[in-house]
$ cat model-v1.tsv   # TSV, C-alpha atoms and all ligand atoms
chain	number	residue	atom	x	y	z
B	208	MET	CA	60.50	78.51	197.33
B	209	TYR	CA	62.73	81.48	196.91
B	210	LYS	CA	66.47	81.95	196.88
B	211	PHE	CA	68.83	84.90	196.73
B	212	HIS	CA	72.50	85.41	196.03
B	213	PRO	CA	74.82	88.22	194.89
B	214	ASN	CA	73.89	89.43	191.41
B	215	GLN	CA	77.58	89.83	190.53
B	216	PRO	CA	80.81	88.79	192.26
B	217	ALA	CA	83.23	91.12	194.04
B	218	ARG	CA	82.41	94.80	193.44
B	219	GLY	CA	78.86	93.99	192.31
B	220	ALA	CA	78.14	91.77	195.31
B	221	HIS	CA	76.19	94.41	197.24
B	222	VAL	CA	73.26	93.92	194.83
B	223	VAL	CA	71.21	90.79	195.43
B	224	ASN	CA	69.44	88.71	192.80
B	225	ALA	CA	66.46	86.56	193.79
B	226	SER	CA	64.05	84.09	192.23
B	227	TYR	CA	60.72	82.74	193.38
B	228	MET	CA	58.41	79.88	192.51
B	229	VAL	CA	55.02	78.91	193.89
B	230	LYS	CA	53.52	75.46	193.26
B	231	PRO	CA	50.81	75.73	190.56
B	232	GLY	CA	48.04	74.31	192.79
B	233	VAL	CA	48.40	77.11	195.37
B	234	LEU	CA	48.95	80.16	193.16
B	235	GLY	CA	47.08	83.33	194.00
B	236	LYS	CA	46.86	82.74	197.75
B	237	GLY	CA	49.38	85.38	198.77
B	238	ILE	CA	52.39	83.07	199.10
B	239	GLY	CA	54.37	84.96	196.45
B	240	ARG	CA	53.77	88.28	198.20
B	241	GLN	CA	54.78	86.81	201.58
B	242	MET	CA	57.97	85.40	200.07
B	243	GLY	CA	58.72	88.71	198.36
B	244	GLU	CA	58.32	90.65	201.59
B	245	HIS	CA	60.35	88.07	203.52
B	246	SER	CA	63.17	88.07	200.98
B	247	LEU	CA	63.42	91.88	200.97
B	248	LEU	CA	63.84	91.86	204.74
B	249	ALA	CA	66.23	88.91	204.77
B	250	ALA	CA	68.41	90.41	202.03
B	251	LYS	CA	68.56	93.75	203.83
B	252	GLN	CA	69.48	91.99	207.08
B	253	ALA	CA	72.20	90.11	205.18
B	254	GLY	CA	73.72	93.45	204.21
B	255	PHE	CA	72.67	93.84	200.57
B	256	LEU	CA	71.88	97.39	199.40
B	257	ALA	CA	69.56	96.69	196.47
B	258	MET	CA	67.66	93.85	194.79
B	259	GLN	CA	67.67	93.29	191.03
B	260	PHE	CA	65.76	90.84	188.83
B	261	ASN	CA	67.60	90.29	185.58
B	262	ILE	CA	64.83	88.65	183.57
B	263	ILE	CA	61.12	89.10	184.20
B	264	VAL	CA	59.12	88.09	181.15
B	265	SER	CA	56.90	91.04	180.17
B	266	THR	CA	53.84	88.81	179.72
B	267	ASN	CA	54.16	87.44	183.29
B	268	ARG	CA	51.47	89.75	184.64
B	269	PRO	CA	51.31	88.32	188.19
B	270	ALA	CA	55.07	88.73	188.61
B	271	VAL	CA	55.26	92.25	187.10
B	272	HIS	CA	52.29	93.37	189.23
B	273	LEU	CA	53.68	91.76	192.40
B	274	TRP	CA	57.16	93.27	192.08
B	275	GLN	CA	55.90	96.73	191.17
B	276	SER	CA	53.56	96.66	194.16
B	277	LEU	CA	56.55	95.80	196.36
B	278	GLY	CA	58.45	98.86	195.14
B	279	PHE	CA	60.43	97.56	192.16
B	280	ASN	CA	60.91	99.71	189.07
B	281	ILE	CA	61.38	98.51	185.51
B	282	ILE	CA	64.81	99.95	184.74
B	283	GLY	CA	65.35	98.26	181.41
B	284	THR	CA	63.62	96.35	178.65
B	285	VAL	CA	65.43	93.69	176.68
B	286	PRO	CA	63.74	93.38	173.28
B	287	GLN	CA	62.49	89.93	172.25
B	288	ALA	CA	64.71	88.19	174.80
B	289	PHE	CA	62.25	85.39	175.62
B	290	ASN	CA	60.73	82.90	173.20
B	291	HIS	CA	57.29	82.40	174.75
B	292	SER	CA	55.47	79.15	173.95
B	293	ILE	CA	52.25	81.05	173.05
B	294	HIS	CA	53.24	84.65	172.26
B	295	GLY	CA	56.54	83.99	170.52
B	296	LEU	CA	59.38	86.48	171.01
B	297	VAL	CA	58.50	88.85	173.86
B	298	ASN	CA	60.42	91.49	175.81
B	299	THR	CA	61.92	90.93	179.25
B	300	TYR	CA	62.37	93.45	182.04
B	301	ILE	CA	65.18	94.22	184.43
B	302	MET	CA	63.56	95.24	187.72
B	303	HIS	CA	65.27	96.96	190.65
B	304	ARG	CA	64.70	98.50	194.05
B	305	PHE	CA	66.93	99.74	196.81
B	306	LEU	CA	66.64	98.00	200.17
B	401	LIG	C1	55.02	85.11	190.47
B	401	LIG	C2	54.59	84.09	191.52
B	401	LIG	C3	55.78	83.73	192.41
B	401	LIG	C4	53.49	84.73	192.36
B	401	LIG	O1	53.09	83.78	193.37
B	401	LIG	P1	51.62	83.80	194.01
B	401	LIG	O2	51.67	83.01	195.29
B	401	LIG	O3	50.61	83.37	193.03
B	401	LIG	O4	51.45	85.36	194.32
B	401	LIG	P2	50.32	86.08	195.17
B	401	LIG	O5	49.19	85.13	195.46
B	401	LIG	O6	51.00	86.74	196.33
B	401	LIG	O7	49.78	87.16	194.14
B	401	LIG	C5	50.63	88.19	193.71
B	401	LIG	C6	49.84	89.26	192.99
B	401	LIG	O8	49.63	88.87	191.62
B	401	LIG	C7	48.31	89.24	191.25
B	401	LIG	N1	47.88	88.50	190.09
B	401	LIG	C8	47.58	87.19	189.99
B	401	LIG	N2	47.26	86.88	188.72
B	401	LIG	C9	47.36	88.05	188.01
B	401	LIG	C10	47.17	88.41	186.63
B	401	LIG	N3	46.81	87.49	185.73
B	401	LIG	N4	47.38	89.69	186.26
B	401	LIG	C11	47.76	90.63	187.14
B	401	LIG	N5	47.96	90.34	188.47
B	401	LIG	C12	47.77	89.07	188.88
B	401	LIG	C13	47.54	88.94	192.51
B	401	LIG	O9	46.28	89.60	192.50
B	401	LIG	C14	48.46	89.52	193.57
B	401	LIG	O10	48.34	90.91	193.66
B	401	LIG	P3	47.53	91.60	194.85
B	401	LIG	O11	48.14	91.10	196.14
B	401	LIG	O12	47.76	93.07	194.63
B	401	LIG	O13	46.09	91.16	194.72
B	401	LIG	C15	53.98	82.82	190.86
B	401	LIG	O14	53.05	83.23	189.88
B	401	LIG	C16	55.01	81.90	190.20
B	401	LIG	O15	55.61	81.04	190.87
B	401	LIG	N6	55.20	82.05	188.89
B	401	LIG	C17	56.14	81.20	188.15
B	401	LIG	C18	57.60	81.59	188.42
B	401	LIG	C19	57.80	83.07	188.29
B	401	LIG	O16	57.30	83.72	187.37
B	401	LIG	N7	58.51	83.66	189.27
B	401	LIG	C20	58.70	85.12	189.29
B	401	LIG	C21	59.92	85.57	188.58
B	401	LIG	S1	61.37	85.28	189.57
$ encode --input "model-v1.tsv" --output "structure tokens"
Amino acid sequence: MYKFHPNQPARGAHVVNASYMVKPGVLGKGIGRQMGEHSLLAAKQAGFLAMQFNIIVSTNRPAVHLWQSLGFNIIGTVPQAFNHSIHGLVNTYIMHRFL
């Protein structure tokens, strides 16, 4: 599944925020990439000007790789913002791209 909605109300509502989740049994089959591409097109068609992810955990290599390959930039790093079950406190990224 994926969903998107304005990242902020009112004067921030031209930036879209989205989230994605693929069922564990079918990871790595290209579904995430297809949803990413679909959501970029759908958000553009809905009139949004940019897409922003507010919290991508830095150790989430598939997600960081996928979004960078779809044109997103890491525009900010939030230090130790996620308490990972294995790695402990890790950084998170804010990722962004214009549509
Ligand atoms: C991120 C997520 C949506 C990707 O879904 P997916 O269907 O597995 O994605 P894809 O099969 O399209 O693979 C995406 C890319 O990740 C890469 N990848 C997979 N495992 C990787 C790893 N350990 N390190 C680096 N890249 C990896 C794949 O090779 C692929 O890149 P490529 O097309 O250049 O080969 C999925 O992992 C997920 O649901 N994670 C949990 C929720 C989450 O983190 N959501 C994202 C934040 S909103």
$ residues_around --input "model-v1.tsv" --residues "Gly243 (chain B)" --least-positions-apart "3" --cutoff "8 Å" --atoms "all atoms listed in the file" --output "list in words"
Gly239, Arg240, Ser246, Leu247, Trp274 and Leu277 of chain B
$ residues_near_point --input "model-v1.tsv" --point "(61.7, 88.7, 171.8)" --cutoff "10 Å" --atoms "only C-alpha atoms" --output "list of chain:residue names"
B:Val264, B:Ser265, B:Val285, B:Pro286, B:Gln287, B:Ala288, B:Phe289, B:Asn290, B:His291, B:His294, B:Gly295, B:Leu296, B:Val297, B:Asn298, B:Thr299
$ atom_distance --input "model-v1.tsv" --atom1 "CA of Gln241 (chain B)" --atom2 "atom P1 of ligand LIG 401 (chain B)"
8.7 Å
$ closest_atom_pairs --input "model-v1.tsv" --of "chain B" --to "ligand LIG 401 (chain B)" --cutoff "9 Å" --atoms "only C-alpha atoms and all ligand atoms" --output "Markdown table"
| residue | atom | partner | partner_atom | distance |
| --- | --- | --- | --- | --- |
| B:Met208 | CA | B:LIG401 | O15 | 8.5 |
| B:Tyr209 | CA | B:LIG401 | S1 | 8.4 |
| B:Ala225 | CA | B:LIG401 | S1 | 6.7 |
| B:Ser226 | CA | B:LIG401 | S1 | 4.0 |
| B:Tyr227 | CA | B:LIG401 | S1 | 4.6 |
| B:Met228 | CA | B:LIG401 | O15 | 3.4 |
| B:Val229 | CA | B:LIG401 | O15 | 3.7 |
| B:Lys230 | CA | B:LIG401 | O15 | 6.4 |
| B:Pro231 | CA | B:LIG401 | O15 | 7.2 |
| B:Val233 | CA | B:LIG401 | O2 | 6.7 |
| B:Leu234 | CA | B:LIG401 | O3 | 3.6 |
| B:Gly235 | CA | B:LIG401 | O5 | 3.1 |
| B:Lys236 | CA | B:LIG401 | O5 | 4.0 |
| B:Gly237 | CA | B:LIG401 | O6 | 3.2 |
| B:Ile238 | CA | B:LIG401 | O2 | 3.9 |
| B:Gly239 | CA | B:LIG401 | O2 | 3.5 |
| B:Arg240 | CA | B:LIG401 | O6 | 3.7 |
| B:Gln241 | CA | B:LIG401 | O6 | 6.5 |
| B:Met242 | CA | B:LIG401 | O6 | 8.0 |
| B:Gly243 | CA | B:LIG401 | O6 | 8.2 |
| B:Phe260 | CA | B:LIG401 | S1 | 7.1 |
| B:Asn261 | CA | B:LIG401 | S1 | 8.9 |
| B:Ile262 | CA | B:LIG401 | C21 | 7.7 |
| B:Ile263 | CA | B:LIG401 | C21 | 5.8 |
| B:Val264 | CA | B:LIG401 | O16 | 7.8 |
| B:Asn267 | CA | B:LIG401 | O16 | 6.4 |
| B:Arg268 | CA | B:LIG401 | N4 | 4.4 |
| B:Pro269 | CA | B:LIG401 | C12 | 3.7 |
| B:Ala270 | CA | B:LIG401 | C1 | 4.1 |
| B:Val271 | CA | B:LIG401 | N5 | 7.7 |
| B:His272 | CA | B:LIG401 | N5 | 5.3 |
| B:Leu273 | CA | B:LIG401 | C6 | 4.6 |
| B:Trp274 | CA | B:LIG401 | C6 | 8.4 |
| B:Ser276 | CA | B:LIG401 | O12 | 6.8 |
$ write_last_selection --input "model-v1.tsv" --atoms "C-alpha atoms" --output "mmCIF file, in the coordinates of the input"
data_model
loop_
_atom_site.group_PDB
_atom_site.id
_atom_site.type_symbol
_atom_site.label_atom_id
_atom_site.label_comp_id
_atom_site.auth_asym_id
_atom_site.auth_seq_id
_atom_site.Cartn_x
_atom_site.Cartn_y
_atom_site.Cartn_z
ATOM 1 C CA MET B 208 60.500 78.510 197.330
ATOM 2 C CA TYR B 209 62.730 81.480 196.910
ATOM 3 C CA ALA B 225 66.460 86.560 193.790
ATOM 4 C CA SER B 226 64.050 84.090 192.230
ATOM 5 C CA TYR B 227 60.720 82.740 193.380
ATOM 6 C CA MET B 228 58.410 79.880 192.510
ATOM 7 C CA VAL B 229 55.020 78.910 193.890
ATOM 8 C CA LYS B 230 53.520 75.460 193.260
ATOM 9 C CA PRO B 231 50.810 75.730 190.560
ATOM 10 C CA VAL B 233 48.400 77.110 195.370
ATOM 11 C CA LEU B 234 48.950 80.160 193.160
ATOM 12 C CA GLY B 235 47.080 83.330 194.000
ATOM 13 C CA LYS B 236 46.860 82.740 197.750
ATOM 14 C CA GLY B 237 49.380 85.380 198.770
ATOM 15 C CA ILE B 238 52.390 83.070 199.100
ATOM 16 C CA GLY B 239 54.370 84.960 196.450
ATOM 17 C CA ARG B 240 53.770 88.280 198.200
ATOM 18 C CA GLN B 241 54.780 86.810 201.580
ATOM 19 C CA MET B 242 57.970 85.400 200.070
ATOM 20 C CA GLY B 243 58.720 88.710 198.360
ATOM 21 C CA PHE B 260 65.760 90.840 188.830
ATOM 22 C CA ASN B 261 67.600 90.290 185.580
ATOM 23 C CA ILE B 262 64.830 88.650 183.570
ATOM 24 C CA ILE B 263 61.120 89.100 184.200
ATOM 25 C CA VAL B 264 59.120 88.090 181.150
ATOM 26 C CA ASN B 267 54.160 87.440 183.290
ATOM 27 C CA ARG B 268 51.470 89.750 184.640
ATOM 28 C CA PRO B 269 51.310 88.320 188.190
ATOM 29 C CA ALA B 270 55.070 88.730 188.610
ATOM 30 C CA VAL B 271 55.260 92.250 187.100
ATOM 31 C CA HIS B 272 52.290 93.370 189.230
ATOM 32 C CA LEU B 273 53.680 91.760 192.400
ATOM 33 C CA TRP B 274 57.160 93.270 192.080
ATOM 34 C CA SER B 276 53.560 96.660 194.160
#
$ closest_residue --input "model-v1.tsv" --among "B:Gln259, B:Thr266, B:Asn214, B:Asn224" --to "Ile282 (chain B)" --atoms "all atoms listed in the file"
B:Gln259
$ residues_near_point --input "model-v1.tsv" --point "(69.7, 86.8, 200.7)" --cutoff "9 Å" --atoms "all atoms listed in the file" --output "list in words"
Lys210, Phe211, His212, Pro213, Val223, Asn224, Ala225, Ser246, Leu247, Leu248, Ala249, Ala250, Lys251, Gln252, Ala253, Gly254 and Phe255 of chain B
$ atom_distance --input "model-v1.tsv" --atom1 "CA of Val222 (chain B)" --atom2 "CA of Met258 (chain B)"
5.6 Å
$ closest_residue --input "model-v1.tsv" --among "B:Met302, B:Ile281, B:Leu256, B:Ile293" --to "Gly219 (chain B)" --atoms "all atoms listed in the file"
B:Leu256
$ build_atoms --input "model-v1.tsv" --residues "region 245-262 of chain B" --atoms "N, CA and C atoms" --output "short mmCIF file (atom, residue, chain, number, x, y, z; two decimals), in the coordinates of the input"
data_model
loop_
_atom_site.label_atom_id
_atom_site.label_comp_id
_atom_site.auth_asym_id
_atom_site.auth_seq_id
_atom_site.Cartn_x
_atom_site.Cartn_y
_atom_site.Cartn_z
N HIS B 245 59.36 88.74 202.67
CA HIS B 245 60.35 88.07 203.52
C HIS B 245 61.75 88.21 202.94
N SER B 246 61.85 88.02 201.62
CA SER B 246 63.17 88.07 200.98
C SER B 246 63.77 89.48 201.02
N LEU B 247 62.92 90.50 200.90
CA LEU B 247 63.42 91.88 200.97
C LEU B 247 64.02 92.15 202.35
N LEU B 248 63.34 91.67 203.38
CA LEU B 248 63.84 91.86 204.74
C LEU B 248 65.10 91.05 204.98
N ALA B 249 65.09 89.80 204.56
CA ALA B 249 66.23 88.91 204.77
C ALA B 249 67.47 89.42 204.02
N ALA B 250 67.26 89.91 202.81
CA ALA B 250 68.41 90.41 202.03
C ALA B 250 68.97 91.69 202.65
N LYS B 251 68.09 92.53 203.15
CA LYS B 251 68.56 93.75 203.83
C LYS B 251 69.35 93.37 205.09
N GLN B 252 68.80 92.43 205.85
CA GLN B 252 69.48 91.99 207.08
C GLN B 252 70.82 91.35 206.77
N ALA B 253 70.94 90.74 205.58
CA ALA B 253 72.20 90.11 205.18
C ALA B 253 73.22 91.14 204.67
N GLY B 254 72.78 92.40 204.56
CA GLY B 254 73.72 93.45 204.21
C GLY B 254 73.68 93.93 202.77
N PHE B 255 72.78 93.37 201.96
CA PHE B 255 72.67 93.84 200.57
C PHE B 255 72.02 95.23 200.54
N LEU B 256 72.37 96.01 199.52
CA LEU B 256 71.88 97.39 199.40
C LEU B 256 70.74 97.54 198.40
N ALA B 257 70.61 96.61 197.48
CA ALA B 257 69.56 96.69 196.47
C ALA B 257 69.25 95.28 195.96
N MET B 258 68.05 95.13 195.40
CA MET B 258 67.66 93.85 194.79
C MET B 258 67.38 94.08 193.31
N GLN B 259 67.86 93.16 192.48
CA GLN B 259 67.67 93.29 191.03
C GLN B 259 67.22 91.95 190.45
N PHE B 260 66.18 92.01 189.60
CA PHE B 260 65.76 90.84 188.83
C PHE B 260 66.24 91.05 187.40
N ASN B 261 66.98 90.12 186.90
CA ASN B 261 67.60 90.29 185.58
C ASN B 261 66.68 89.93 184.42
N ILE B 262 65.71 89.06 184.68
CA ILE B 262 64.83 88.65 183.57
C ILE B 262 63.43 88.33 184.09
#
